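In what follows, a structure is listed as structure tokens, so that the remarks can point back to it.
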Amino acid sequence: MLGLFLLFRRKILCKSKLYFFSIAIYIVSVILSSILFLLSQATISIILGMIIYISPLLYWLLYDERKIAVYFPQLIVGLKYPVLLIAVLGIVQFYISPGLFGLINLNGPVDPYVLKAASDAFPNWMIYLRATSVLASPQVFGLFLILYGVSFWFYAPKSVVNLSLIFVYLFAGAHSGNKSFFLILLLFGGYYIWRTGGLKRKIFAVCVAVLLLSVVTYFSEEVSFLSRIVSLENIANEEKEGRLSIYKELLEEVSFIGEGAGTHQTLSGELSDEPAESYFLQILIELGIIPFICFLLIFLFRYIEDARKINIMLFFIALSMIFVHCFNAFVFFIMWGWFFVSPPSISGNGKL
């Protein structure tokens with residue numbers, strides 16, 4: 001009813017009615033799915049899970065189109081120093097103090113690598129530690145910094161200070177050892193080379209990229225966060241015992257109505273017994289078939305609406321959601337704005 005009211009008052013952001021209704025149906029299906037489970041088991045996790053699923057899209061949906069076109073870039077650029085603090089804390093954590101001098105509560109939910117490193121002798125932890133900063137998880141830390149770094153590149157003026165900030169974001173994010181971080185960095189680098197400059201500039205950029213990859217490969221055996229993403233054998237073994245086994249187990253339990261919102265999320269300060277390791281799979285497992293299809297339609301109709309443009313950030317977000325489940329984390333709230341923002345050009349001026 002709220003969606004229809006906004007639609008008729010022409011206050012909604014979406015130009016495409018199909019896109020708007022795909023989001024509206026998704027939100028309604030999440031609510032109905034949660035109500036169904038609340039009738040049989042009234043638990044706080046279902047209520048929290050429902051709110052977490054619908055609040056980001058609903059928040060950005062209620063923005064006026066003209067306001068978000070100004071507000072979203074300002075928000076991205078305006079957060080550069082708070083994000084810098086998060087990045088610097090990750091670097092400090094990796095090289096100086098795994099527990100950030102007591103800032104991280106080691107008695108609460110904390111990444112097991114951080115917990116182990118905090119009890120080890122300096123500098124032994126650097127053999128295995130993956131930086132989390134204050135974001136509790138290396139996946140959240142690495143993925144957030146790469147998505148924010150690319151967003152900041154699009155909107156921030158290309159000054160020495162801003163380019164230095166991007167370097168710090170990327171340097172810190174690499175210490176998470178997050179495969180998604182390096183994959184998006186590689187893809188965006190290729191996209192940037194393809195979209196800018198002449199043949200000589202492209203050849204120079206490719207040579208620089210090859211040089212950097214060679215340096216990374218050379219030092220990968222000595223640097224923990226590099227070794228886990230450079231060795232194809234390590235990646236295959238880790239994913240076989242990790243994500244692939246989780247995917248297989250969860251797909252065998254898929255039901256039409258799902259298991260209930262919040263069953264695979266970290267809620268109320270408690271770690272989930274079995275994280276889905278995929279946001280798409282998490283929606284399918286928790287909410288069931290109908291909300292899952294509606295969520296896929298959000299991406300589909302967005303691309304139909306922008307058929308002549310490439311929303312590279314929406315592509316990176318969709319790619320991340322395949323392999324990472326952490327889009328429920330509070331720091332990703334800002335990234336949902338990309339569902340409603342037209343993609344800027346590679347230089348940040350105009351549109352593709």
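Residue numbers start at 1 in each chain; chains themselves are named A, B, ... in the order of the structure tokens; ligands are numbered from 1 in the order shown.
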So that I can check the secondary structure, give me every residue of region 42-143 of chain A assigned alpha helix (DSSP H) by backbone DSSP, as a PyMOL selection string. chain A and resi 44-61+65-78+80-95+112-118+138-143
Nearby residues (only C-alpha atoms) at most 6 Å from region 324-327 of chain A, same-chain spacing under 2 positions excluded, as JSON, numbers by chain: {"A": [277, 278, 279, 320, 321, 329, 332]}
Closest atom pairs, region 107-190 of chain A residues within 9 Å of region 201-210 of chain A, only C-alpha atoms, as a Markdown table:
```
| residue | atom | partner | partner_atom | distance |
| --- | --- | --- | --- | --- |
| A:Leu186 | CA | A:Ala209 | CA | 9.0 |
| A:Gly189 | CA | A:Ala209 | CA | 8.4 |
| A:Gly190 | CA | A:Val206 | CA | 8.5 |
```
Write the residues of the preceding selection, restricted to C-alpha atoms, as a CSV table (one decimal), in the first residue's frame.
```csv
chain,number,residue,atom,x,y,z
A,186,LEU,CA,41.5,-7.1,-11.4
A,189,GLY,CA,41.6,-2.5,-13.7
A,190,GLY,CA,40.8,-4.3,-17.0
```
Distance query region 167-169 of chain A at most 7 Å, only C-alpha atoms, self and fewer than 2 positions along chain excluded, as a VMD selection string: chain A and resid 84 87 145 149 163 to 165 171 to 173
One number please: CA of Tyr59 (chain A) to CA of Val341 (chain A), in Å, one decimal.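 Taking CA of Tyr59 (chain A) and CA of Val341 (chain A), their separation equals 13.5 Å.
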Quick one: residues within 10 Å of region 131-134 of chain A, only C-alpha atoms, excluding same-chain residues fewer than 4 positions away - as a VMD selection string? chain A and resid 85 to 95 98 to 100 103 to 105 110 to 111 113 to 114 126 138 to 142 172 to 178 225
Have a look at CA of Ile47 (chain A) and CA of Ser29 (chain A) and let me know their distance in Å, one decimal. 14.0 Å
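Shortest separation to Arg66 (chain A) among A:Leu297, A:Ala318, A:Ser342, A:Leu287 occurs at residue A:Ser342, atoms counted being only C-alpha atoms.
Counting from CA of Glu249 (chain A), the distance to CA of Leu38 (chain A) is 25.3 Å.
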Within 7 Å of Trp338 (chain A), counting only C-alpha atoms, which residues qualify if same-chain residues fewer than 2 places away don't, as an MDAnalysis selection string? chainID A and resid 313:314 335:336 340:341
Requested write-out: N, CA, C and O atoms of the selected residues, as a PDB file, in the first residue's frame:
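To be explicit, this is the file written out as part.pdb:
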```pdb
ATOM      1  N   MET A 313      29.228  -0.960 -11.213  1.00  0.00           N
ATOM      2  CA  MET A 313      29.133  -1.203  -9.776  1.00  0.00           C
ATOM      3  C   MET A 313      28.052  -2.219  -9.454  1.00  0.00           C
ATOM      4  O   MET A 313      28.218  -3.058  -8.567  1.00  0.00           O
ATOM      5  N   LEU A 314      26.927  -2.162 -10.167  1.00  0.00           N
ATOM      6  CA  LEU A 314      25.872  -3.148  -9.953  1.00  0.00           C
ATOM      7  C   LEU A 314      26.359  -4.535 -10.362  1.00  0.00           C
ATOM      8  O   LEU A 314      26.001  -5.544  -9.742  1.00  0.00           O
ATOM      9  N   MET A 335      26.079   0.797  -0.068  1.00  0.00           N
ATOM     10  CA  MET A 335      26.247   0.198  -1.389  1.00  0.00           C
ATOM     11  C   MET A 335      24.916  -0.134  -2.062  1.00  0.00           C
ATOM     12  O   MET A 335      24.850  -0.247  -3.281  1.00  0.00           O
ATOM     13  N   TRP A 336      23.855  -0.284  -1.271  1.00  0.00           N
ATOM     14  CA  TRP A 336      22.551  -0.540  -1.873  1.00  0.00           C
ATOM     15  C   TRP A 336      22.060   0.659  -2.667  1.00  0.00           C
ATOM     16  O   TRP A 336      21.157   0.528  -3.504  1.00  0.00           O
ATOM     17  N   PHE A 340      19.923   2.339  -7.362  1.00  0.00           N
ATOM     18  CA  PHE A 340      19.054   3.438  -7.785  1.00  0.00           C
ATOM     19  C   PHE A 340      19.817   4.590  -8.419  1.00  0.00           C
ATOM     20  O   PHE A 340      19.223   5.615  -8.751  1.00  0.00           O
ATOM     21  N   VAL A 341      21.120   4.456  -8.583  1.00  0.00           N
ATOM     22  CA  VAL A 341      21.938   5.532  -9.128  1.00  0.00           C
ATOM     23  C   VAL A 341      22.428   5.134 -10.514  1.00  0.00           C
ATOM     24  O   VAL A 341      22.956   4.042 -10.702  1.00  0.00           O
TER      25      VAL A 341
END
```
